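Peer 1: File entry_29.pdb below, PDB, C-alpha atoms, pLDDT in the B column:
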```
ATOM      1  CA  MET A   1       4.193  -2.559  -3.162  1.00 88.00           C
ATOM      2  CA  ILE A   2       2.462  -3.885  -0.101  1.00 93.00           C
ATOM      3  CA  ILE A   3       0.064  -6.051  -2.100  1.00 92.00           C
ATOM      4  CA  SER A   4      -0.721  -6.297  -5.808  1.00 91.00           C
ATOM      5  CA  ILE A   5      -4.221  -5.850  -7.183  1.00 92.00           C
ATOM      6  CA  GLU A   6      -4.049  -9.394  -8.576  1.00 93.00           C
ATOM      7  CA  THR A   7      -3.324 -10.865  -5.137  1.00 93.00           C
ATOM      8  CA  LEU A   8      -6.099  -8.769  -3.596  1.00 94.00           C
ATOM      9  CA  LYS A   9      -8.661  -9.895  -6.199  1.00 93.00           C
ATOM     10  CA  GLU A  10      -7.479 -13.498  -5.778  1.00 94.00           C
ATOM     11  CA  ARG A  11      -8.001 -13.392  -1.991  1.00 94.00           C
ATOM     12  CA  TYR A  12     -11.209 -11.344  -2.112  1.00 93.00           C
ATOM     13  CA  PRO A  13     -12.989 -11.844  -5.451  1.00 92.00           C
ATOM     14  CA  ASP A  14     -16.085  -9.920  -4.265  1.00 89.00           C
ATOM     15  CA  ILE A  15     -14.173  -6.682  -3.755  1.00 89.00           C
ATOM     16  CA  SER A  16     -14.960  -3.953  -6.265  1.00 80.00           C
ATOM     17  CA  ASP A  17     -13.811  -0.489  -7.287  1.00 85.00           C
ATOM     18  CA  VAL A  18     -10.215  -0.949  -6.082  1.00 91.00           C
ATOM     19  CA  THR A  19      -7.317  -0.230  -8.414  1.00 92.00           C
ATOM     20  CA  GLN A  20      -3.558  -0.575  -8.132  1.00 91.00           C
ATOM     21  CA  ASP A  21      -3.415   3.218  -7.839  1.00 92.00           C
ATOM     22  CA  ASP A  22      -5.610   3.016  -4.715  1.00 93.00           C
ATOM     23  CA  LEU A  23      -3.265   0.437  -3.191  1.00 94.00           C
ATOM     24  CA  ASP A  24      -0.192   2.506  -4.092  1.00 92.00           C
ATOM     25  CA  ALA A  25      -1.766   5.616  -2.553  1.00 93.00           C
ATOM     26  CA  LEU A  26      -2.505   3.729   0.680  1.00 95.00           C
ATOM     27  CA  GLU A  27       1.072   2.445   0.728  1.00 95.00           C
ATOM     28  CA  ASP A  28       2.351   5.998   0.413  1.00 94.00           C
ATOM     29  CA  MET A  29      -0.013   7.185   3.154  1.00 95.00           C
ATOM     30  CA  ILE A  30       1.134   4.402   5.511  1.00 96.00           C
ATOM     31  CA  ARG A  31       4.800   5.240   4.880  1.00 95.00           C
ATOM     32  CA  HIS A  32       4.160   8.931   5.587  1.00 95.00           C
ATOM     33  CA  TYR A  33       1.950   8.299   8.623  1.00 94.00           C
ATOM     34  CA  THR A  34       4.528   6.029  10.257  1.00 96.00           C
ATOM     35  CA  HIS A  35       7.626   7.919   9.015  1.00 96.00           C
ATOM     36  CA  ASN A  36       8.944   4.438   8.298  1.00 95.00           C
ATOM     37  CA  PRO A  37      10.439   3.511   4.907  1.00 95.00           C
ATOM     38  CA  PHE A  38      10.315  -0.241   5.755  1.00 97.00           C
ATOM     39  CA  GLN A  39      13.735  -0.676   4.154  1.00 96.00           C
ATOM     40  CA  ASN A  40      15.711  -3.878   4.535  1.00 96.00           C
ATOM     41  CA  ARG A  41      19.122  -2.229   4.783  1.00 95.00           C
ATOM     42  CA  ALA A  42      20.854  -5.598   4.567  1.00 96.00           C
ATOM     43  CA  VAL A  43      19.790  -5.698   0.905  1.00 96.00           C
ATOM     44  CA  ARG A  44      21.160  -2.363  -0.272  1.00 96.00           C
ATOM     45  CA  SER A  45      23.690  -1.370  -2.890  1.00 96.00           C
ATOM     46  CA  LYS A  46      24.940   1.494  -4.992  1.00 96.00           C
ATOM     47  CA  ALA A  47      24.017   1.023  -8.628  1.00 96.00           C
ATOM     48  CA  TYR A  48      23.981   2.761 -11.974  1.00 95.00           C
ATOM     49  CA  ILE A  49      20.891   3.176 -14.121  1.00 95.00           C
ATOM     50  CA  LYS A  50      21.537   2.490 -17.799  1.00 95.00           C
ATOM     51  CA  GLY A  51      19.085   1.707 -20.555  1.00 93.00           C
ATOM     52  CA  GLY A  52      16.202   2.343 -18.150  1.00 93.00           C
ATOM     53  CA  LYS A  53      17.320  -0.550 -15.931  1.00 96.00           C
ATOM     54  CA  ILE A  54      19.035  -0.788 -12.573  1.00 96.00           C
ATOM     55  CA  GLN A  55      22.497  -2.329 -12.953  1.00 95.00           C
ATOM     56  CA  TRP A  56      22.491  -4.539  -9.858  1.00 93.00           C
ATOM     57  CA  VAL A  57      22.401  -8.244  -9.119  1.00 89.00           C
ATOM     58  CA  SER A  58      21.226  -9.699  -5.815  1.00 91.00           C
ATOM     59  CA  PRO A  59      19.920 -13.163  -4.926  1.00 92.00           C
ATOM     60  CA  TYR A  60      17.437 -11.520  -2.518  1.00 93.00           C
ATOM     61  CA  LEU A  61      15.426  -9.753  -5.202  1.00 95.00           C
ATOM     62  CA  LYS A  62      12.417 -11.228  -6.967  1.00 94.00           C
ATOM     63  CA  VAL A  63       9.829 -10.093  -9.468  1.00 94.00           C
ATOM     64  CA  GLY A  64       7.040  -8.260  -7.645  1.00 92.00           C
ATOM     65  CA  GLY A  65       9.414  -7.018  -4.941  1.00 94.00           C
ATOM     66  CA  THR A  66       9.716  -3.364  -4.040  1.00 95.00           C
ATOM     67  CA  LEU A  67      12.816  -1.188  -4.338  1.00 97.00           C
ATOM     68  CA  GLN A  68      13.454   2.315  -3.112  1.00 97.00           C
ATOM     69  CA  ILE A  69      15.904   4.470  -5.035  1.00 97.00           C
ATOM     70  CA  THR A  70      17.521   7.374  -3.206  1.00 96.00           C
ATOM     71  CA  LYS A  71      20.436   9.741  -3.779  1.00 94.00           C
ATOM     72  CA  SER A  72      19.870   9.888  -7.524  1.00 93.00           C
ATOM     73  CA  ASP A  73      19.471  12.798  -9.908  1.00 85.00           C
ATOM     74  CA  PHE A  74      15.978  12.019 -11.183  1.00 91.00           C
ATOM     75  CA  ASN A  75      14.872   8.579 -10.027  1.00 95.00           C
ATOM     76  CA  ASP A  76      14.161   8.880  -6.287  1.00 95.00           C
ATOM     77  CA  GLY A  77      11.053   6.867  -5.421  1.00 94.00           C
ATOM     78  CA  ILE A  78       9.424   3.492  -4.892  1.00 95.00           C
ATOM     79  CA  TYR A  79       9.453   0.942  -7.712  1.00 95.00           C
ATOM     80  CA  THR A  80       8.111  -2.558  -8.242  1.00 94.00           C
ATOM     81  CA  ILE A  81      10.377  -5.088  -9.943  1.00 96.00           C
ATOM     82  CA  THR A  82       8.855  -6.353 -13.201  1.00 96.00           C
ATOM     83  CA  ALA A  83      11.809  -8.363 -14.554  1.00 96.00           C
ATOM     84  CA  ILE A  84      15.325  -9.393 -13.586  1.00 96.00           C
ATOM     85  CA  THR A  85      17.643 -10.116 -16.498  1.00 93.00           C
ATOM     86  CA  SER A  86      21.349 -10.088 -17.237  1.00 89.00           C
ATOM     87  CA  GLU A  87      20.861  -6.521 -18.535  1.00 90.00           C
ATOM     88  CA  GLY A  88      19.580  -5.360 -15.161  1.00 94.00           C
ATOM     89  CA  ILE A  89      16.423  -4.910 -13.144  1.00 96.00           C
ATOM     90  CA  ALA A  90      13.346  -3.595 -14.952  1.00 97.00           C
ATOM     91  CA  VAL A  91      10.768  -1.740 -12.886  1.00 97.00           C
ATOM     92  CA  ASP A  92       7.169  -0.593 -13.291  1.00 94.00           C
ATOM     93  CA  LYS A  93       7.955   3.090 -13.904  1.00 94.00           C
ATOM     94  CA  ARG A  94      10.329   4.864 -16.237  1.00 95.00           C
ATOM     95  CA  LEU A  95      13.909   5.275 -15.048  1.00 96.00           C
ATOM     96  CA  TYR A  96      16.240   7.922 -16.430  1.00 95.00           C
ATOM     97  CA  ASP A  97      19.840   7.015 -17.170  1.00 94.00           C
ATOM     98  CA  SER A  98      22.310   8.531 -14.760  1.00 89.00           C
ATOM     99  CA  GLU A  99      26.067   8.930 -14.692  1.00 88.00           C
ATOM    100  CA  LEU A 100      26.019   8.976 -10.888  1.00 91.00           C
ATOM    101  CA  GLN A 101      25.464   5.967  -8.684  1.00 94.00           C
ATOM    102  CA  CYS A 102      22.229   5.881  -6.763  1.00 96.00           C
ATOM    103  CA  LEU A 103      21.369   3.953  -3.618  1.00 97.00           C
ATOM    104  CA  VAL A 104      18.954   1.043  -4.161  1.00 97.00           C
ATOM    105  CA  THR A 105      17.321  -0.625  -1.152  1.00 97.00           C
ATOM    106  CA  LEU A 106      14.863  -3.494  -0.854  1.00 97.00           C
ATOM    107  CA  VAL A 107      11.561  -2.558   0.803  1.00 97.00           C
ATOM    108  CA  GLU A 108       9.773  -5.243   2.822  1.00 96.00           C
ATOM    109  CA  TYR A 109       6.520  -4.835   4.727  1.00 96.00           C
ATOM    110  CA  PRO A 110       5.747  -6.879   7.852  1.00 96.00           C
ATOM    111  CA  PRO A 111       2.620  -9.079   7.818  1.00 96.00           C
ATOM    112  CA  ALA A 112       0.826  -6.704  10.221  1.00 96.00           C
ATOM    113  CA  ILE A 113       1.101  -3.877   7.687  1.00 96.00           C
ATOM    114  CA  VAL A 114      -0.274  -6.112   4.925  1.00 96.00           C
ATOM    115  CA  ARG A 115      -3.167  -7.205   7.174  1.00 96.00           C
ATOM    116  CA  GLY A 116      -3.879  -3.616   8.209  1.00 96.00           C
ATOM    117  CA  LEU A 117      -3.972  -2.447   4.606  1.00 96.00           C
ATOM    118  CA  LEU A 118      -6.374  -5.269   3.756  1.00 96.00           C
ATOM    119  CA  ASP A 119      -8.619  -4.289   6.692  1.00 94.00           C
ATOM    120  CA  ILE A 120      -8.737  -0.693   5.427  1.00 94.00           C
ATOM    121  CA  ILE A 121      -9.575  -1.806   1.877  1.00 94.00           C
ATOM    122  CA  LEU A 122     -12.262  -4.227   3.085  1.00 92.00           C
ATOM    123  CA  TRP A 123     -13.846  -1.575   5.331  1.00 90.00           C
ATOM    124  CA  LYS A 124     -13.914   0.943   2.486  1.00 89.00           C
ATOM    125  CA  ASP A 125     -15.454  -1.609   0.142  1.00 87.00           C
ATOM    126  CA  ARG A 126     -18.086  -2.675   2.693  1.00 84.00           C
ATOM    127  CA  ASN A 127     -18.893   0.945   3.573  1.00 81.00           C
ATOM    128  CA  SER A 128     -19.233   1.851  -0.099  1.00 79.00           C
ATOM    129  CA  LYS A 129     -21.694  -1.006  -0.616  1.00 74.00           C
ATOM    130  CA  TRP A 130     -23.665  -0.011   2.496  1.00 66.00           C
ATOM    131  CA  ASN A 131     -23.894   3.593   1.283  1.00 63.00           C
ATOM    132  CA  ASN A 132     -25.265   2.345  -2.033  1.00 62.00           C
ATOM    133  CA  GLY A 133     -27.958   0.370  -0.196  1.00 59.00           C
ATOM    134  CA  GLU A 134     -26.483  -3.088  -0.759  1.00 60.00           C
ATOM    135  CA  ASN A 135     -26.593  -5.567   2.151  1.00 60.00           C
ATOM    136  CA  THR A 136     -26.987  -2.854   4.783  1.00 53.00           C
ATOM    137  CA  PRO A 137     -27.429  -4.647   8.123  1.00 53.00           C
ATOM    138  CA  VAL A 138     -30.540  -3.686  10.071  1.00 51.00           C
ATOM    139  CA  GLN A 139     -29.894  -2.894  13.729  1.00 51.00           C
ATOM    140  CA  SER A 140     -33.562  -2.551  14.713  1.00 55.00           C
ATOM    141  CA  GLU A 141     -36.942  -2.428  13.010  1.00 56.00           C
ATOM    142  CA  THR A 142     -40.334  -1.412  14.397  1.00 60.00           C
ATOM    143  CA  ILE A 143     -43.444  -2.651  12.583  1.00 66.00           C
ATOM    144  CA  SER A 144     -46.021  -0.217  13.994  1.00 66.00           C
ATOM    145  CA  ARG A 145     -45.566   3.116  12.227  1.00 67.00           C
ATOM    146  CA  HIS A 146     -42.605   1.446  10.440  1.00 68.00           C
ATOM    147  CA  SER A 147     -39.229   2.593  11.780  1.00 63.00           C
ATOM    148  CA  VAL A 148     -35.963   1.080  10.585  1.00 60.00           C
ATOM    149  CA  THR A 149     -32.491   1.742  12.054  1.00 57.00           C
ATOM    150  CA  TYR A 150     -29.453   0.603  10.098  1.00 55.00           C
ATOM    151  CA  GLN A 151     -26.258  -0.602  11.720  1.00 53.00           C
ATOM    152  CA  SER A 152     -23.108   1.488  11.521  1.00 57.00           C
ATOM    153  CA  ASP A 153     -19.646   0.650  12.781  1.00 58.00           C
ATOM    154  CA  SER A 154     -18.497   4.270  13.099  1.00 58.00           C
ATOM    155  CA  THR A 155     -19.609   7.829  13.611  1.00 56.00           C
ATOM    156  CA  GLU A 156     -18.377  10.880  11.742  1.00 61.00           C
ATOM    157  CA  SER A 157     -16.226  11.946  14.701  1.00 67.00           C
ATOM    158  CA  ASP A 158     -14.576   8.516  14.658  1.00 81.00           C
ATOM    159  CA  ILE A 159     -13.439   8.754  11.010  1.00 84.00           C
ATOM    160  CA  ASP A 160      -9.771   9.647  10.444  1.00 84.00           C
ATOM    161  CA  GLU A 161      -9.580  12.677   8.154  1.00 85.00           C
ATOM    162  CA  ASN A 162      -6.523  11.403   6.237  1.00 87.00           C
ATOM    163  CA  PHE A 163      -7.438   7.779   5.574  1.00 91.00           C
ATOM    164  CA  GLY A 164     -11.246   8.095   5.603  1.00 86.00           C
ATOM    165  CA  VAL A 165     -11.717   5.023   7.823  1.00 89.00           C
ATOM    166  CA  PRO A 166     -12.511   4.613  11.540  1.00 89.00           C
ATOM    167  CA  LYS A 167      -9.490   5.317  13.723  1.00 90.00           C
ATOM    168  CA  LYS A 168      -9.558   1.776  15.119  1.00 90.00           C
ATOM    169  CA  TYR A 169      -8.418   0.540  11.692  1.00 92.00           C
ATOM    170  CA  LEU A 170      -5.212   2.593  11.983  1.00 93.00           C
ATOM    171  CA  ALA A 171      -4.075   1.176  15.332  1.00 93.00           C
ATOM    172  CA  PHE A 172      -1.834  -1.411  13.624  1.00 94.00           C
ATOM    173  CA  MET A 173       0.518   1.359  12.482  1.00 95.00           C
ATOM    174  CA  LYS A 174       1.407   2.543  15.991  1.00 94.00           C
ATOM    175  CA  LEU A 175       3.929  -0.274  16.372  1.00 93.00           C
ATOM    176  CA  TYR A 176       5.761   0.865  13.255  1.00 96.00           C
ATOM    177  CA  LYS A 177       5.839   4.620  13.868  1.00 95.00           C
ATOM    178  CA  LYS A 178       9.299   6.157  13.945  1.00 92.00           C
ATOM    179  CA  ALA A 179      10.323   9.456  15.457  1.00 88.00           C
ATOM    180  CA  ARG A 180      10.443  12.310  13.036  1.00 81.00           C
ATOM    181  CA  PHE A 181      13.344  14.738  13.290  1.00 75.00           C
TER     182      PHE A 181
END
```
Represent the structure contained in this file as structure tokens.
Peer 2:
Amino acid sequence: MIISIETLKERYPDISDVTQDDLDALEDMIRHYTHNPFQNRAVRSKAYIKGGKIQWVSPYLKVGGTLQITKSDFNDGIYTITAITSEGIAVDKRLYDSELQCLVTLVEYPPAIVRGLLDIILWKDRNSKWNNGENTPVQSETISRHSVTYQSDSTESDIDENFGVPKKYLAFMKLYKKARF
């Protein structure tokens, strides 16, 4: 996961209406948009899945880290580590036991991706509050005949149809785009 909901709420306690599912969806969208899995291939191994746990030990893994499982029968996907014990690595979603080895790789996101995701979340939160009439900044106000113009940081043509934010908030991903074949 790029950032947990707990870390987000700790950094920005005023943020509202954001769930871990929203953050996970944005993570998936960023991975698809950039065609970049953000895998640290130096921390990769083949492993079995038994008892719903990944049978792998690595000093580079920690609770809260992200793993990607590939080349498995049923378990391909992104998982967050919830516990590391002598029995194996427990993750946030159900794993199915497999007789075949799967490929497990550590996923690490650069700080620019974390910052970009936070910018998107903050813009969406601010825009939601503005649309509900809370703290909408006034750009100009005329007293005679009473005319009020509210400030906006984007137009409808500027909004990206996939992410729902102004395109300027997606510029950080250009550095991480990979060619798609």
Peer 1: Identify which of the residues A:Lys174, A:Arg94, A:Lys71, A:Lys168 lies closest to A:His35, counting all atoms listed in the file when measuring atom-to-atom distances.
Peer 2: A:Lys174
Peer 1: Mind giving me the straight-line distance from atom CA of A:Ala171 to atom CA of A:Ile2 in Å, one decimal?
Peer 2: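 Distance reported for this atom pair: 17.5 Å.
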Peer 1: With all atoms listed in the file as the basis for distance, which of A:Leu117, A:Val107, A:Leu175, A:Cys102 is at the shortest distance from A:Phe163?
Peer 2: A:Leu117
Peer 1: Spell out the residues picked by the PyMOL selection byres ((chain A and resi 48) around 7) here, as a list in words.
Peer 2: Ala47, Ile49, Lys50, Ile54, Gln55, Ser98, Leu100, Gln101 and Cys102 of chain A
Peer 1: Evaluate the PyMOL selection byres ((chain A and resi 40) around 10) here and jot the selected residues down as a list of chain:residue names.
Peer 2: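 Evaluating the PyMOL selection byres ((chain A and resi 40) around 10) on this file yields A:Pro37, A:Phe38, A:Gln39, A:Arg41, A:Ala42, A:Val43, A:Arg44, A:Leu67, A:Thr105, A:Leu106, A:Val107, A:Glu108, A:Tyr109.
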Peer 1: Deliver the residues from the most recent selection as a file, using C-alpha atoms, as a PDB file, in the frame of the given file.
Peer 2:
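What landed in out37.pdb:
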```
ATOM      1  CA  PRO A  37      10.439   3.511   4.907  1.00 95.00           C
ATOM      2  CA  PHE A  38      10.315  -0.241   5.755  1.00 97.00           C
ATOM      3  CA  GLN A  39      13.735  -0.676   4.154  1.00 96.00           C
ATOM      4  CA  ARG A  41      19.122  -2.229   4.783  1.00 95.00           C
ATOM      5  CA  ALA A  42      20.854  -5.598   4.567  1.00 96.00           C
ATOM      6  CA  VAL A  43      19.790  -5.698   0.905  1.00 96.00           C
ATOM      7  CA  ARG A  44      21.160  -2.363  -0.272  1.00 96.00           C
ATOM      8  CA  LEU A  67      12.816  -1.188  -4.338  1.00 97.00           C
ATOM      9  CA  THR A 105      17.321  -0.625  -1.152  1.00 97.00           C
ATOM     10  CA  LEU A 106      14.863  -3.494  -0.854  1.00 97.00           C
ATOM     11  CA  VAL A 107      11.561  -2.558   0.803  1.00 97.00           C
ATOM     12  CA  GLU A 108       9.773  -5.243   2.822  1.00 96.00           C
ATOM     13  CA  TYR A 109       6.520  -4.835   4.727  1.00 96.00           C
TER      14      TYR A 109
END
```
Peer 1: Using the chain letters and residue numbers of this document, give as an mmCIF file with C-alpha atoms, in the coordinates of the input the residues selected by the PyMOL selection byres ((chain A and resi 84) around 10).
Peer 2:
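So the final result, stored in out_20.cif, reads:
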```cif
data_model
loop_
_atom_site.group_PDB
_atom_site.id
_atom_site.type_symbol
_atom_site.label_atom_id
_atom_site.label_comp_id
_atom_site.auth_asym_id
_atom_site.auth_seq_id
_atom_site.Cartn_x
_atom_site.Cartn_y
_atom_site.Cartn_z
ATOM 1 C CA LYS A 53 17.320 -0.550 -15.931
ATOM 2 C CA ILE A 54 19.035 -0.788 -12.573
ATOM 3 C CA TRP A 56 22.491 -4.539 -9.858
ATOM 4 C CA VAL A 57 22.401 -8.244 -9.119
ATOM 5 C CA SER A 58 21.226 -9.699 -5.815
ATOM 6 C CA LEU A 61 15.426 -9.753 -5.202
ATOM 7 C CA LYS A 62 12.417 -11.228 -6.967
ATOM 8 C CA VAL A 63 9.829 -10.093 -9.468
ATOM 9 C CA ILE A 81 10.377 -5.088 -9.943
ATOM 10 C CA THR A 82 8.855 -6.353 -13.201
ATOM 11 C CA ALA A 83 11.809 -8.363 -14.554
ATOM 12 C CA THR A 85 17.643 -10.116 -16.498
ATOM 13 C CA SER A 86 21.349 -10.088 -17.237
ATOM 14 C CA GLU A 87 20.861 -6.521 -18.535
ATOM 15 C CA GLY A 88 19.580 -5.360 -15.161
ATOM 16 C CA ILE A 89 16.423 -4.910 -13.144
ATOM 17 C CA ALA A 90 13.346 -3.595 -14.952
ATOM 18 C CA VAL A 91 10.768 -1.740 -12.886
#
```
Peer 1: With distances taken over all atoms listed in the file, which of A:Asp92, A:Thr66, A:Lys9, A:Asp158 is nearest to A:Ile121?
Peer 2: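 Using all atoms listed in the file, A:Ile121 sits closest to A:Lys9.
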Peer 1: For a quick check of understanding, using all atoms listed in the file, which of A:Met29, A:Gly64, A:Ile5, A:Lys46 has the smallest distance to A:Asp17?
Peer 2: A:Ile5
Peer 1: With distances taken over all atoms listed in the file, which of A:Leu122, A:Phe172, A:Lys177, A:Tyr60 is nearest to A:Pro13?
Peer 2: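 Among A:Leu122, A:Phe172, A:Lys177, A:Tyr60, it is A:Leu122 that comes nearest to A:Pro13.
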Peer 1: Between atom CA of A:Asp119 and atom CA of A:Arg11, what distance in Å does the model show, to one decimal?
Peer 2: 12.6 Å
Peer 1: Which one is closest to A:Ala25: A:Ile3, A:Phe74, A:Leu8, A:Tyr176? Count all atoms listed in the file.
Peer 2: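 Using all atoms listed in the file, A:Ala25 sits closest to A:Ile3.
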Peer 1: Please indicate the distance in Å from atom CA of A:Thr70 to atom CA of A:Asn162, rounded to one decimal place.
Peer 2: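 Spanning atom CA of A:Thr70 to atom CA of A:Asn162 is a straight-line distance of 26.1 Å.
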